[in-house]
$ cat upload38.csv   # CSV, C-alpha atoms
chain,number,residue,atom,x,y,z
A,1,MET,CA,19.0,-1.2,-1.4
A,2,ALA,CA,15.9,-2.7,-3.2
A,3,SER,CA,16.6,-4.8,-6.3
A,4,THR,CA,15.0,-3.7,-9.6
A,5,SER,CA,13.0,-6.2,-11.5
A,6,PRO,CA,12.0,-5.9,-15.2
A,7,ASP,CA,8.7,-7.5,-14.3
A,8,ARG,CA,5.7,-5.7,-12.8
A,9,VAL,CA,5.9,-5.8,-9.0
A,10,THR,CA,2.5,-5.6,-7.3
A,11,ALA,CA,1.2,-5.3,-3.8
A,12,ALA,CA,-2.0,-5.3,-1.8
A,13,LEU,CA,-2.6,-3.7,1.6
A,14,LEU,CA,-4.6,-5.2,4.4
A,15,VAL,CA,-5.7,-2.8,7.1
A,16,ILE,CA,-6.7,-4.7,10.3
A,17,GLY,CA,-8.7,-3.3,13.2
A,18,ASP,CA,-12.2,-2.8,14.5
A,19,GLU,CA,-11.3,0.8,15.3
A,20,ILE,CA,-10.8,1.6,11.6
A,21,LEU,CA,-14.2,0.2,10.6
A,22,SER,CA,-16.0,1.8,13.5
A,23,GLY,CA,-14.6,5.2,12.6
A,24,ARG,CA,-13.0,5.7,16.0
A,25,THR,CA,-9.5,5.8,14.3
A,26,LYS,CA,-9.1,7.6,11.0
A,27,ASP,CA,-6.6,5.7,8.9
A,28,LYS,CA,-3.5,7.6,7.9
A,29,ASN,CA,-1.5,4.8,6.4
A,30,ILE,CA,-3.2,4.0,3.2
A,31,GLY,CA,-2.3,7.2,1.4
A,32,TYR,CA,1.2,7.1,2.7
A,33,ILE,CA,1.8,3.5,1.6
A,34,ALA,CA,0.2,4.1,-1.8
A,35,GLU,CA,2.4,7.1,-2.5
A,36,TYR,CA,5.6,5.4,-1.2
A,37,LEU,CA,5.1,2.2,-3.2
A,38,THR,CA,4.3,4.1,-6.4
A,39,ALA,CA,7.5,6.1,-6.0
A,40,VAL,CA,9.6,3.0,-5.7
A,41,GLY,CA,8.0,1.1,-8.6
A,42,ILE,CA,5.5,-1.2,-6.8
A,43,ASP,CA,1.9,-1.1,-8.0
A,44,LEU,CA,-0.6,-1.1,-5.1
A,45,ARG,CA,-3.5,-2.9,-6.7
A,46,GLU,CA,-5.9,-3.4,-3.8
A,47,VAL,CA,-6.7,-2.2,-0.3
A,48,ARG,CA,-8.9,-4.2,2.1
A,49,VAL,CA,-10.0,-3.3,5.6
A,50,VAL,CA,-11.1,-6.1,8.0
A,51,SER,CA,-12.1,-6.4,11.6
A,52,ASP,CA,-10.2,-8.1,14.4
A,53,ASP,CA,-11.7,-11.4,13.4
A,54,GLU,CA,-9.5,-14.5,12.9
A,55,SER,CA,-11.4,-16.0,10.0
A,56,ALA,CA,-11.7,-12.7,8.1
A,57,ILE,CA,-8.0,-11.9,8.5
A,58,ILE,CA,-6.9,-15.4,7.4
A,59,GLU,CA,-9.2,-15.4,4.4
A,60,ALA,CA,-7.9,-11.9,3.4
A,61,VAL,CA,-4.3,-12.8,3.9
A,62,ASN,CA,-4.5,-15.9,1.7
A,63,ALA,CA,-6.6,-14.2,-1.0
A,64,LEU,CA,-4.3,-11.2,-1.3
A,65,ARG,CA,-0.9,-12.8,-0.9
A,66,HIS,CA,-1.5,-15.3,-3.7
A,67,ARG,CA,-2.3,-12.7,-6.4
A,68,ASN,CA,0.3,-10.1,-5.6
A,69,THR,CA,4.1,-10.0,-5.3
A,70,TYR,CA,3.7,-8.6,-1.8
A,71,LEU,CA,1.0,-8.2,0.8
A,72,PHE,CA,1.5,-5.4,3.4
A,73,THR,CA,-0.6,-5.4,6.6
A,74,THR,CA,-1.0,-2.7,9.2
A,75,GLY,CA,-2.4,-3.1,12.7
A,76,GLY,CA,-3.0,-5.8,15.2
A,77,ILE,CA,0.5,-6.6,16.5
A,78,GLY,CA,0.3,-5.0,19.9
A,79,PRO,CA,0.0,-6.5,23.4
A,80,THR,CA,-3.7,-6.7,23.9
A,81,HIS,CA,-6.1,-9.6,23.4
A,82,ASP,CA,-7.5,-8.3,20.1
A,83,ASP,CA,-4.0,-8.0,18.5
A,84,ILE,CA,-4.2,-11.3,16.6
A,85,THR,CA,-2.5,-10.5,13.3
A,86,ALA,CA,0.7,-12.5,13.9
A,87,ASP,CA,-1.3,-15.6,14.9
A,88,CYS,CA,-3.6,-15.2,11.9
A,89,VAL,CA,-0.6,-14.8,9.5
A,90,ALA,CA,1.0,-17.9,10.9
A,91,LYS,CA,-2.2,-19.9,10.4
A,92,ALA,CA,-2.7,-18.6,6.9
A,93,LEU,CA,0.9,-19.7,6.0
A,94,GLY,CA,0.6,-23.0,7.9
A,95,VAL,CA,3.5,-22.4,10.2
A,96,ASP,CA,4.0,-22.4,13.9
A,97,ILE,CA,4.4,-19.3,16.0
A,98,SER,CA,6.2,-18.7,19.3
A,99,HIS,CA,8.3,-16.2,21.2
A,100,ASP,CA,11.2,-15.3,19.0
A,101,PRO,CA,14.5,-14.8,20.9
A,102,ARG,CA,15.5,-12.0,18.6
A,103,ALA,CA,12.2,-10.2,19.2
A,104,VAL,CA,12.5,-10.8,23.0
A,105,ALA,CA,16.0,-9.3,22.9
A,106,MET,CA,14.6,-6.2,21.2
A,107,LEU,CA,11.9,-5.8,23.8
A,108,LYS,CA,14.4,-6.1,26.6
A,109,GLU,CA,16.1,-3.0,25.2
A,110,ARG,CA,12.9,-1.1,25.9
A,111,TYR,CA,12.0,-2.7,29.2
A,112,ALA,CA,15.2,-2.8,31.1
A,113,ASN,CA,13.4,-3.9,34.3
A,114,PRO,CA,12.4,-7.6,33.8
A,115,ASP,CA,9.2,-7.0,35.8
A,116,ASP,CA,8.1,-4.5,33.1
A,117,LEU,CA,8.4,-7.1,30.4
A,118,ASN,CA,5.2,-8.8,31.4
A,119,GLU,CA,3.2,-11.6,29.6
A,120,ALA,CA,1.1,-9.1,27.7
A,121,ARG,CA,4.2,-7.2,26.3
A,122,LEU,CA,5.9,-10.5,25.5
A,123,ARG,CA,3.0,-11.2,23.1
A,124,MET,CA,4.7,-8.7,20.8
A,125,ALA,CA,7.6,-11.1,20.5
A,126,ARG,CA,5.4,-13.9,19.1
A,127,ILE,CA,6.7,-14.3,15.5
A,128,PRO,CA,5.7,-16.9,12.9
A,129,HIS,CA,8.5,-19.4,12.4
A,130,GLY,CA,10.9,-18.6,9.6
A,131,ALA,CA,10.0,-15.0,9.4
A,132,GLU,CA,12.4,-12.1,9.1
A,133,LEU,CA,12.1,-9.4,11.6
A,134,ILE,CA,11.5,-5.7,10.7
A,135,GLU,CA,13.1,-3.4,13.2
A,136,ASN,CA,11.1,-0.8,15.1
A,137,PRO,CA,13.4,2.0,16.1
A,138,ILE,CA,10.6,3.8,17.9
A,139,SER,CA,9.2,1.3,20.4
A,140,LYS,CA,11.3,-1.8,19.7
A,141,ALA,CA,8.5,-4.2,19.1
A,142,PRO,CA,9.3,-5.6,15.7
A,143,GLY,CA,7.2,-6.3,12.6
A,144,PHE,CA,8.1,-9.2,10.4
A,145,MET,CA,8.1,-10.5,6.9
A,146,ALA,CA,6.8,-14.1,6.4
A,147,GLY,CA,7.0,-15.3,2.8
A,148,ASN,CA,5.7,-12.4,0.8
A,149,VAL,CA,3.6,-11.0,3.8
A,150,ILE,CA,4.9,-7.9,5.4
A,151,VAL,CA,3.4,-7.2,8.8
A,152,MET,CA,3.7,-3.7,10.2
A,153,ALA,CA,2.3,-1.7,13.1
A,154,GLY,CA,-0.8,0.5,12.7
A,155,VAL,CA,0.7,3.6,14.5
A,156,PRO,CA,1.7,5.8,11.5
A,157,ALA,CA,5.2,6.8,12.7
A,158,ILE,CA,6.1,3.2,13.5
A,159,MET,CA,4.6,1.9,10.3
A,160,GLN,CA,6.6,4.4,8.3
A,161,ALA,CA,9.9,3.4,10.0
A,162,MET,CA,9.1,-0.2,9.3
A,163,LEU,CA,8.3,0.4,5.7
A,164,GLU,CA,11.7,2.2,5.3
A,165,GLY,CA,13.4,-0.7,7.1
A,166,VAL,CA,11.9,-3.5,4.9
A,167,MET,CA,12.1,-1.8,1.5
A,168,PRO,CA,15.8,-2.7,0.9
A,169,LYS,CA,14.8,-6.4,1.1
A,170,LEU,CA,12.1,-6.1,-1.6
A,171,LYS,CA,12.3,-6.0,-5.4
A,172,VAL,CA,10.8,-3.1,-7.2
A,173,GLY,CA,9.8,-2.4,-10.8
A,174,LYS,CA,10.4,0.5,-13.1
A,175,THR,CA,8.6,3.6,-11.7
A,176,MET,CA,5.7,5.2,-13.4
A,177,VAL,CA,6.0,8.6,-15.1
A,178,SER,CA,2.9,10.8,-15.1
A,179,VAL,CA,1.7,13.9,-16.9
A,180,SER,CA,-1.4,16.0,-16.3
A,181,ILE,CA,-3.5,17.9,-18.9
A,182,ASP,CA,-6.1,20.5,-18.0
A,183,SER,CA,-9.4,20.0,-19.8
A,184,GLY,CA,-9.5,23.7,-20.5
A,185,GLY,CA,-12.9,24.1,-18.9
A,186,LEU,CA,-14.5,21.3,-20.9
A,187,PRO,CA,-16.8,19.1,-18.8
A,188,GLU,CA,-16.1,15.4,-18.6
A,189,GLY,CA,-19.1,14.5,-20.6
A,190,ALA,CA,-17.7,16.5,-23.6
A,191,TYR,CA,-14.5,14.5,-23.9
A,192,ALA,CA,-15.4,11.1,-22.3
A,193,THR,CA,-16.1,9.3,-25.6
A,194,GLY,CA,-13.0,10.7,-27.2
A,195,LEU,CA,-10.8,9.9,-24.2
A,196,GLY,CA,-12.0,6.3,-24.2
A,197,GLU,CA,-10.9,6.0,-27.9
A,198,VAL,CA,-7.5,7.5,-27.0
A,199,GLN,CA,-7.1,4.9,-24.2
A,200,LYS,CA,-8.0,2.0,-26.6
A,201,ALA,CA,-5.3,3.3,-29.1
A,202,HIS,CA,-2.6,3.6,-26.5
A,203,ALA,CA,-1.9,0.4,-24.7
A,204,GLY,CA,0.7,0.7,-22.0
A,205,VAL,CA,-0.6,4.1,-20.8
A,206,ILE,CA,-3.2,4.5,-18.0
A,207,ILE,CA,-5.5,7.4,-18.6
A,208,GLY,CA,-7.9,8.9,-16.0
A,209,SER,CA,-10.0,11.9,-15.6
A,210,TYR,CA,-10.3,13.5,-12.2
A,211,PRO,CA,-12.7,16.3,-11.4
A,212,HIS,CA,-12.1,18.8,-8.6
A,213,PHE,CA,-14.7,21.2,-7.3
A,214,ASP,CA,-13.1,24.5,-6.1
A,215,GLY,CA,-16.3,25.7,-4.5
A,216,GLN,CA,-17.6,27.4,-7.6
A,217,ARG,CA,-16.9,25.2,-10.5
A,218,PHE,CA,-15.4,21.8,-11.5
A,219,ILE,CA,-11.8,21.7,-12.7
A,220,ASN,CA,-11.0,18.6,-14.6
A,221,GLN,CA,-7.5,17.1,-14.9
A,222,ILE,CA,-6.7,14.3,-17.3
A,223,VAL,CA,-3.8,12.3,-15.9
A,224,LEU,CA,-1.7,9.9,-18.0
A,225,ARG,CA,0.7,7.3,-16.5
A,226,SER,CA,3.2,4.9,-18.1
A,227,ARG,CA,6.5,3.3,-17.6
A,228,ASP,CA,7.4,4.0,-21.2
A,229,GLU,CA,8.1,7.7,-21.8
A,230,THR,CA,7.7,7.4,-25.6
A,231,LEU,CA,4.2,5.8,-25.2
A,232,LEU,CA,3.4,8.5,-22.7
A,233,GLU,CA,4.4,11.3,-25.0
A,234,ASN,CA,2.4,9.9,-27.9
A,235,ALA,CA,-0.7,9.5,-25.7
A,236,LYS,CA,-0.2,13.0,-24.3
A,237,LYS,CA,-0.2,14.4,-27.8
A,238,ALA,CA,-3.4,12.5,-28.6
A,239,VAL,CA,-5.2,13.8,-25.6
A,240,SER,CA,-4.0,17.4,-26.1
A,241,ASP,CA,-5.2,17.2,-29.8
A,242,LEU,CA,-8.6,15.9,-28.6
A,243,ILE,CA,-9.0,18.7,-26.1
A,244,SER,CA,-7.9,21.3,-28.7
A,245,GLN,CA,-10.3,20.0,-31.3
A,246,LEU,CA,-13.3,19.9,-28.9
A,247,LYS,CA,-12.6,23.4,-27.7
A,248,SER,CA,-12.3,24.6,-31.3
A,249,ASN,CA,-15.7,23.0,-32.2
A,250,ALA,CA,-17.3,24.6,-29.2
A,251,MET,CA,-16.4,28.1,-30.3

$ encode --input "upload38.csv" --output "C-alpha coordinates"
Amino acid sequence: MASTSPDRVTAALLVIGDEILSGRTKDKNIGYIAEYLTAVGIDLREVRVVSDDESAIIEAVNALRHRNTYLFTTGGIGPTHDDITADCVAKALGVDISHDPRAVAMLKERYANPDDLNEARLRMARIPHGAELIENPISKAPGFMAGNVIVMAGVPAIMQAMLEGVMPKLKVGKTMVSVSIDSGGLPEGAYATGLGEVQKAHAGVIIGSYPHFDGQRFINQIVLRSRDETLLENAKKAVSDLISQLKSNAM
(Lines of atoms letter the chains of each structure in order from A and count residues from 1; the text may use other names and numbers.)
(Lines give C-alpha, C1' and ligand atoms only; values in the text may rest on other atoms or scores of the structure.)
Protein backbone atom coordinates (compact mmCIF):
# COMPACT_ATOMS: atom_id res chain seq x y z
CA MET A 1 0.00 0.00 0.00
CA ALA A 2 1.36 3.43 -0.93
CA SER A 3 2.36 5.65 2.01
CA THR A 4 0.64 9.01 2.41
CA SER A 5 2.78 12.13 2.71
CA PRO A 6 1.60 15.52 4.03
CA ASP A 7 3.85 17.14 1.45
CA ARG A 8 3.07 17.64 -2.20
CA VAL A 9 4.18 14.65 -4.25
CA THR A 10 5.06 15.48 -7.85
CA ALA A 11 5.94 13.53 -10.97
CA ALA A 12 7.07 13.96 -14.54
CA LEU A 13 6.55 11.55 -17.41
CA LEU A 14 9.14 10.90 -20.10
CA VAL A 15 7.79 9.15 -23.20
CA ILE A 16 10.60 7.60 -25.25
CA GLY A 17 10.40 6.49 -28.86
CA ASP A 18 10.87 7.62 -32.45
CA GLU A 19 7.56 5.93 -33.29
CA ILE A 20 5.68 8.39 -31.08
CA LEU A 21 7.30 11.47 -32.63
CA SER A 22 6.81 10.18 -36.18
CA GLY A 23 3.11 9.57 -35.55
CA ARG A 24 3.37 5.89 -36.41
CA THR A 25 2.30 4.97 -32.88
CA LYS A 26 -0.40 6.98 -31.13
CA ASP A 27 0.41 7.35 -27.45
CA LYS A 28 -2.22 5.85 -25.15
CA ASN A 29 -0.26 6.10 -21.93
CA ILE A 30 -0.13 9.80 -21.10
CA GLY A 31 -3.82 10.20 -20.34
CA TYR A 32 -3.97 6.96 -18.38
CA ILE A 33 -0.96 7.83 -16.23
CA ALA A 34 -2.19 11.39 -15.65
CA GLU A 35 -5.59 10.17 -14.47
CA TYR A 36 -4.09 7.41 -12.34
CA LEU A 37 -1.59 9.66 -10.59
CA THR A 38 -4.18 12.36 -9.95
CA ALA A 39 -6.46 9.77 -8.32
CA VAL A 40 -3.78 8.63 -5.88
CA GLY A 41 -2.51 12.10 -4.96
CA ILE A 42 0.56 12.54 -7.17
CA ASP A 43 0.68 15.74 -9.22
CA LEU A 44 1.85 15.13 -12.79
CA ARG A 45 3.61 18.40 -13.59
CA GLU A 46 5.28 17.75 -16.92
CA VAL A 47 5.29 15.37 -19.88
CA ARG A 48 8.15 15.23 -22.34
CA VAL A 49 8.52 13.11 -25.49
CA VAL A 50 12.00 12.32 -26.82
CA SER A 51 13.41 10.20 -29.60
CA ASP A 52 15.54 7.09 -29.24
CA ASP A 53 18.62 9.26 -28.87
CA GLU A 54 21.04 8.63 -26.00
CA SER A 55 21.98 12.23 -25.26
CA ALA A 56 18.35 13.40 -25.43
CA ILE A 57 17.18 10.67 -23.05
CA ILE A 58 19.98 11.26 -20.54
CA GLU A 59 19.42 15.02 -20.56
CA ALA A 60 15.69 14.61 -20.04
CA VAL A 61 16.09 12.02 -17.28
CA ASN A 62 18.46 14.25 -15.33
CA ALA A 63 16.37 17.39 -15.81
CA LEU A 64 13.09 15.79 -14.79
CA ARG A 65 14.25 13.56 -11.94
CA HIS A 66 15.88 16.43 -10.10
CA ARG A 67 12.79 18.63 -9.97
CA ASN A 68 10.14 16.04 -9.16
CA THR A 69 9.49 13.44 -6.49
CA TYR A 70 9.27 10.79 -9.21
CA LEU A 71 10.06 10.44 -12.89
CA PHE A 72 8.08 7.84 -14.83
CA THR A 73 9.29 6.69 -18.25
CA THR A 74 7.56 4.60 -20.90
CA GLY A 75 9.10 2.86 -23.88
CA GLY A 76 12.51 1.66 -24.96
CA ILE A 77 13.04 -1.42 -22.77
CA GLY A 78 12.52 -4.13 -25.40
CA PRO A 79 14.99 -6.48 -27.16
CA THR A 80 15.91 -4.41 -30.24
CA HIS A 81 18.93 -2.19 -30.91
CA ASP A 82 16.94 1.03 -30.41
CA ASP A 83 15.68 0.02 -26.96
CA ILE A 84 18.25 2.02 -25.01
CA THR A 85 16.27 3.38 -22.07
CA ALA A 86 17.85 1.14 -19.41
CA ASP A 87 21.39 2.02 -20.52
CA CYS A 88 20.54 5.73 -20.65
CA VAL A 89 19.03 5.70 -17.16
CA ALA A 90 22.13 3.95 -15.83
CA LYS A 91 24.35 6.60 -17.40
CA ALA A 92 22.15 9.42 -16.10
CA LEU A 93 22.39 8.01 -12.56
CA GLY A 94 26.08 7.20 -12.86
CA VAL A 95 25.73 3.47 -12.13
CA ASP A 96 26.75 0.31 -13.94
CA ILE A 97 24.33 -1.93 -15.79
CA SER A 98 24.43 -5.67 -16.43
CA HIS A 99 22.26 -8.75 -16.70
CA ASP A 100 20.32 -8.98 -13.44
CA PRO A 101 19.92 -12.58 -12.22
CA ARG A 102 16.43 -11.79 -10.96
CA ALA A 103 15.38 -10.47 -14.36
CA VAL A 104 17.00 -13.42 -16.14
CA ALA A 105 14.99 -15.78 -13.93
CA MET A 106 11.79 -13.97 -14.87
CA LEU A 107 12.57 -14.30 -18.58
CA LYS A 108 13.29 -18.00 -18.16
CA GLU A 109 9.70 -18.40 -16.96
CA ARG A 110 8.54 -17.15 -20.36
CA TYR A 111 11.19 -18.87 -22.49
CA ALA A 112 11.34 -22.39 -21.11
CA ASN A 113 13.52 -23.52 -24.02
CA PRO A 114 17.02 -22.10 -23.37
CA ASP A 115 17.53 -21.67 -27.12
CA ASP A 116 14.63 -19.21 -27.20
CA LEU A 117 16.25 -16.95 -24.62
CA ASN A 118 18.69 -15.52 -27.14
CA GLU A 119 21.06 -12.57 -26.80
CA ALA A 120 18.47 -10.07 -28.01
CA ARG A 121 15.85 -11.18 -25.46
CA LEU A 122 18.45 -11.18 -22.71
CA ARG A 123 18.88 -7.45 -23.32
CA MET A 124 15.58 -7.07 -21.47
CA ALA A 125 17.32 -8.40 -18.34
CA ARG A 126 19.90 -5.59 -18.34
CA ILE A 127 19.10 -3.58 -15.22
CA PRO A 128 21.00 -0.66 -13.63
CA HIS A 129 22.80 -1.77 -10.49
CA GLY A 130 20.87 -1.14 -7.29
CA ALA A 131 17.49 -0.89 -9.01
CA GLU A 132 14.32 -2.57 -7.76
CA LEU A 133 12.48 -4.70 -10.30
CA ILE A 134 8.89 -4.03 -11.33
CA GLU A 135 7.17 -7.27 -12.22
CA ASN A 136 5.54 -7.76 -15.59
CA PRO A 137 2.76 -10.35 -15.28
CA ILE A 138 2.04 -10.25 -19.01
CA SER A 139 5.33 -10.88 -20.82
CA LYS A 140 7.69 -11.31 -17.82
CA ALA A 141 10.34 -8.77 -18.95
CA PRO A 142 10.49 -6.46 -15.93
CA GLY A 143 10.59 -2.73 -15.53
CA PHE A 144 12.62 -1.20 -12.74
CA MET A 145 12.87 1.63 -10.25
CA ALA A 146 16.31 3.22 -9.93
CA GLY A 147 16.38 6.00 -7.37
CA ASN A 148 13.27 8.04 -8.13
CA VAL A 149 13.16 6.96 -11.79
CA ILE A 150 10.45 4.44 -12.62
CA VAL A 151 11.01 2.72 -15.97
CA MET A 152 8.03 1.01 -17.58
CA ALA A 153 7.15 -0.58 -20.91
CA GLY A 154 5.47 1.36 -23.69
CA VAL A 155 2.84 -1.29 -24.47
CA PRO A 156 -0.25 0.07 -22.68
CA ALA A 157 -1.43 -3.17 -21.07
CA ILE A 158 2.05 -3.93 -19.72
CA MET A 159 2.59 -0.34 -18.59
CA GLN A 160 -0.68 -0.39 -16.68
CA ALA A 161 0.28 -3.62 -14.91
CA MET A 162 3.68 -2.19 -14.00
CA LEU A 163 2.11 1.02 -12.69
CA GLU A 164 -0.16 -1.02 -10.44
CA GLY A 165 2.81 -3.06 -9.29
CA VAL A 166 5.07 -0.15 -8.38
CA MET A 167 2.48 2.10 -6.75
CA PRO A 168 2.57 0.39 -3.29
CA LYS A 169 6.27 1.37 -3.08
CA LEU A 170 5.60 5.07 -3.63
CA LYS A 171 4.48 7.84 -1.36
CA VAL A 172 1.38 9.79 -2.33
CA GLY A 173 -0.13 13.08 -1.25
CA LYS A 174 -3.63 14.14 -0.35
CA THR A 175 -5.88 13.80 -3.37
CA MET A 176 -7.39 16.75 -5.16
CA VAL A 177 -11.13 17.42 -4.96
CA SER A 178 -12.73 19.11 -7.94
CA VAL A 179 -16.03 20.79 -8.79
CA SER A 180 -17.36 22.06 -12.10
CA ILE A 181 -19.53 25.10 -12.72
CA ASP A 182 -21.31 25.72 -16.01
CA SER A 183 -20.87 29.23 -17.35
CA GLY A 184 -24.57 29.36 -18.16
CA GLY A 185 -23.96 30.29 -21.76
CA LEU A 186 -21.56 33.13 -20.99
CA PRO A 187 -18.54 33.26 -23.32
CA GLU A 188 -15.09 33.10 -21.76
CA GLY A 189 -14.40 36.71 -22.66
CA ALA A 190 -17.32 37.84 -20.48
CA TYR A 191 -15.98 36.31 -17.27
CA ALA A 192 -12.22 36.08 -17.88
CA THR A 193 -11.33 39.22 -15.91
CA GLY A 194 -13.59 38.39 -12.99
CA LEU A 195 -12.35 34.80 -12.89
CA GLY A 196 -8.79 36.03 -12.71
CA GLU A 197 -9.69 38.15 -9.69
CA VAL A 198 -11.36 35.18 -8.01
CA GLN A 199 -8.19 33.14 -8.58
CA LYS A 200 -6.02 35.83 -6.97
CA ALA A 201 -8.31 35.91 -3.93
CA HIS A 202 -8.35 32.14 -3.41
CA ALA A 203 -4.86 30.77 -2.99
CA GLY A 204 -4.83 27.01 -2.63
CA VAL A 205 -7.46 26.55 -5.33
CA ILE A 206 -6.64 25.94 -9.00
CA ILE A 207 -9.23 27.47 -11.32
CA GLY A 208 -9.48 26.81 -15.04
CA SER A 209 -11.96 27.47 -17.82
CA TYR A 210 -12.44 24.78 -20.45
CA PRO A 211 -14.50 25.40 -23.59
CA HIS A 212 -16.08 22.53 -25.48
CA PHE A 213 -17.60 22.83 -28.96
CA ASP A 214 -20.60 20.52 -29.41
CA GLY A 215 -20.86 21.13 -33.14
CA GLN A 216 -23.16 24.12 -32.83
CA ARG A 217 -21.95 26.21 -29.91
CA PHE A 218 -19.29 26.50 -27.24
CA ILE A 219 -20.12 25.17 -23.78
CA ASN A 220 -17.81 26.48 -21.10
CA GLN A 221 -17.04 24.66 -17.88
CA ILE A 222 -15.18 26.32 -15.02
CA VAL A 223 -13.31 23.70 -13.01
CA LEU A 224 -11.98 24.29 -9.50
CA ARG A 225 -9.53 21.93 -7.77
CA SER A 226 -8.06 21.92 -4.28
CA ARG A 227 -6.87 19.63 -1.52
CA ASP A 228 -8.74 21.76 1.02
CA GLU A 229 -12.50 21.34 0.81
CA THR A 230 -13.20 24.54 2.75
CA LEU A 231 -11.07 26.62 0.39
CA LEU A 232 -12.74 24.88 -2.53
CA GLU A 233 -16.23 25.64 -1.25
CA ASN A 234 -15.38 29.31 -0.73
CA ALA A 235 -13.95 29.62 -4.22
CA LYS A 236 -16.94 27.79 -5.70
CA LYS A 237 -19.29 30.32 -4.10
CA ALA A 238 -17.22 33.21 -5.46
CA VAL A 239 -17.30 31.82 -9.00
CA SER A 240 -21.03 31.05 -8.80
CA ASP A 241 -21.70 34.59 -7.56
CA LEU A 242 -19.61 35.99 -10.41
CA ILE A 243 -21.52 34.04 -13.06
CA SER A 244 -24.88 34.96 -11.52
CA GLN A 245 -23.94 38.65 -11.43
CA LEU A 246 -22.73 38.71 -15.02
CA LYS A 247 -25.85 36.93 -16.25
CA SER A 248 -28.03 39.37 -14.33
CA ASN A 249 -26.20 42.35 -15.85
CA ALA A 250 -26.63 40.87 -19.33
CA MET A 251 -30.42 40.67 -19.01

$ atom_distance --input "upload38.csv" --atom1 "CA of Val47 in chain A" --atom2 "CA of Leu232 in chain A"
26.8 Å

$ atom_distance --input "upload38.csv" --atom1 "CA of Val205 in chain A" --atom2 "CA of Arg225 in chain A"
5.5 Å

$ residues_around --input "upload38.csv" --residues "range 12-19 of chain A" --least-positions-apart "6" --cutoff "6 Å" --atoms "only C-alpha atoms" --output "MDAnalysis selection string"
chainID A and resid 25 44:52 71:75

$ write_last_selection --input "upload38.csv" --atoms "C-alpha atoms" --output "short mmCIF file (atom, residue, chain, number, x, y, z; two decimals), in the frame of the given file"
data_model
loop_
_atom_site.label_atom_id
_atom_site.label_comp_id
_atom_site.auth_asym_id
_atom_site.auth_seq_id
_atom_site.Cartn_x
_atom_site.Cartn_y
_atom_site.Cartn_z
CA THR A 25 -9.50 5.80 14.30
CA LEU A 44 -0.60 -1.10 -5.10
CA ARG A 45 -3.50 -2.90 -6.70
CA GLU A 46 -5.90 -3.40 -3.80
CA VAL A 47 -6.70 -2.20 -0.30
CA ARG A 48 -8.90 -4.20 2.10
CA VAL A 49 -10.00 -3.30 5.60
CA VAL A 50 -11.10 -6.10 8.00
CA SER A 51 -12.10 -6.40 11.60
CA ASP A 52 -10.20 -8.10 14.40
CA LEU A 71 1.00 -8.20 0.80
CA PHE A 72 1.50 -5.40 3.40
CA THR A 73 -0.60 -5.40 6.60
CA THR A 74 -1.00 -2.70 9.20
CA GLY A 75 -2.40 -3.10 12.70
#

$ atom_distance --input "upload38.csv" --atom1 "CA of Ala250 in chain A" --atom2 "CA of Thr193 in chain A"
15.8 Å

$ closest_residue --input "upload38.csv" --among "A:Val223, A:Ala146, A:Leu231, A:Val40" --to "Ala203 in chain A" --atoms "only C-alpha atoms"
A:Leu231
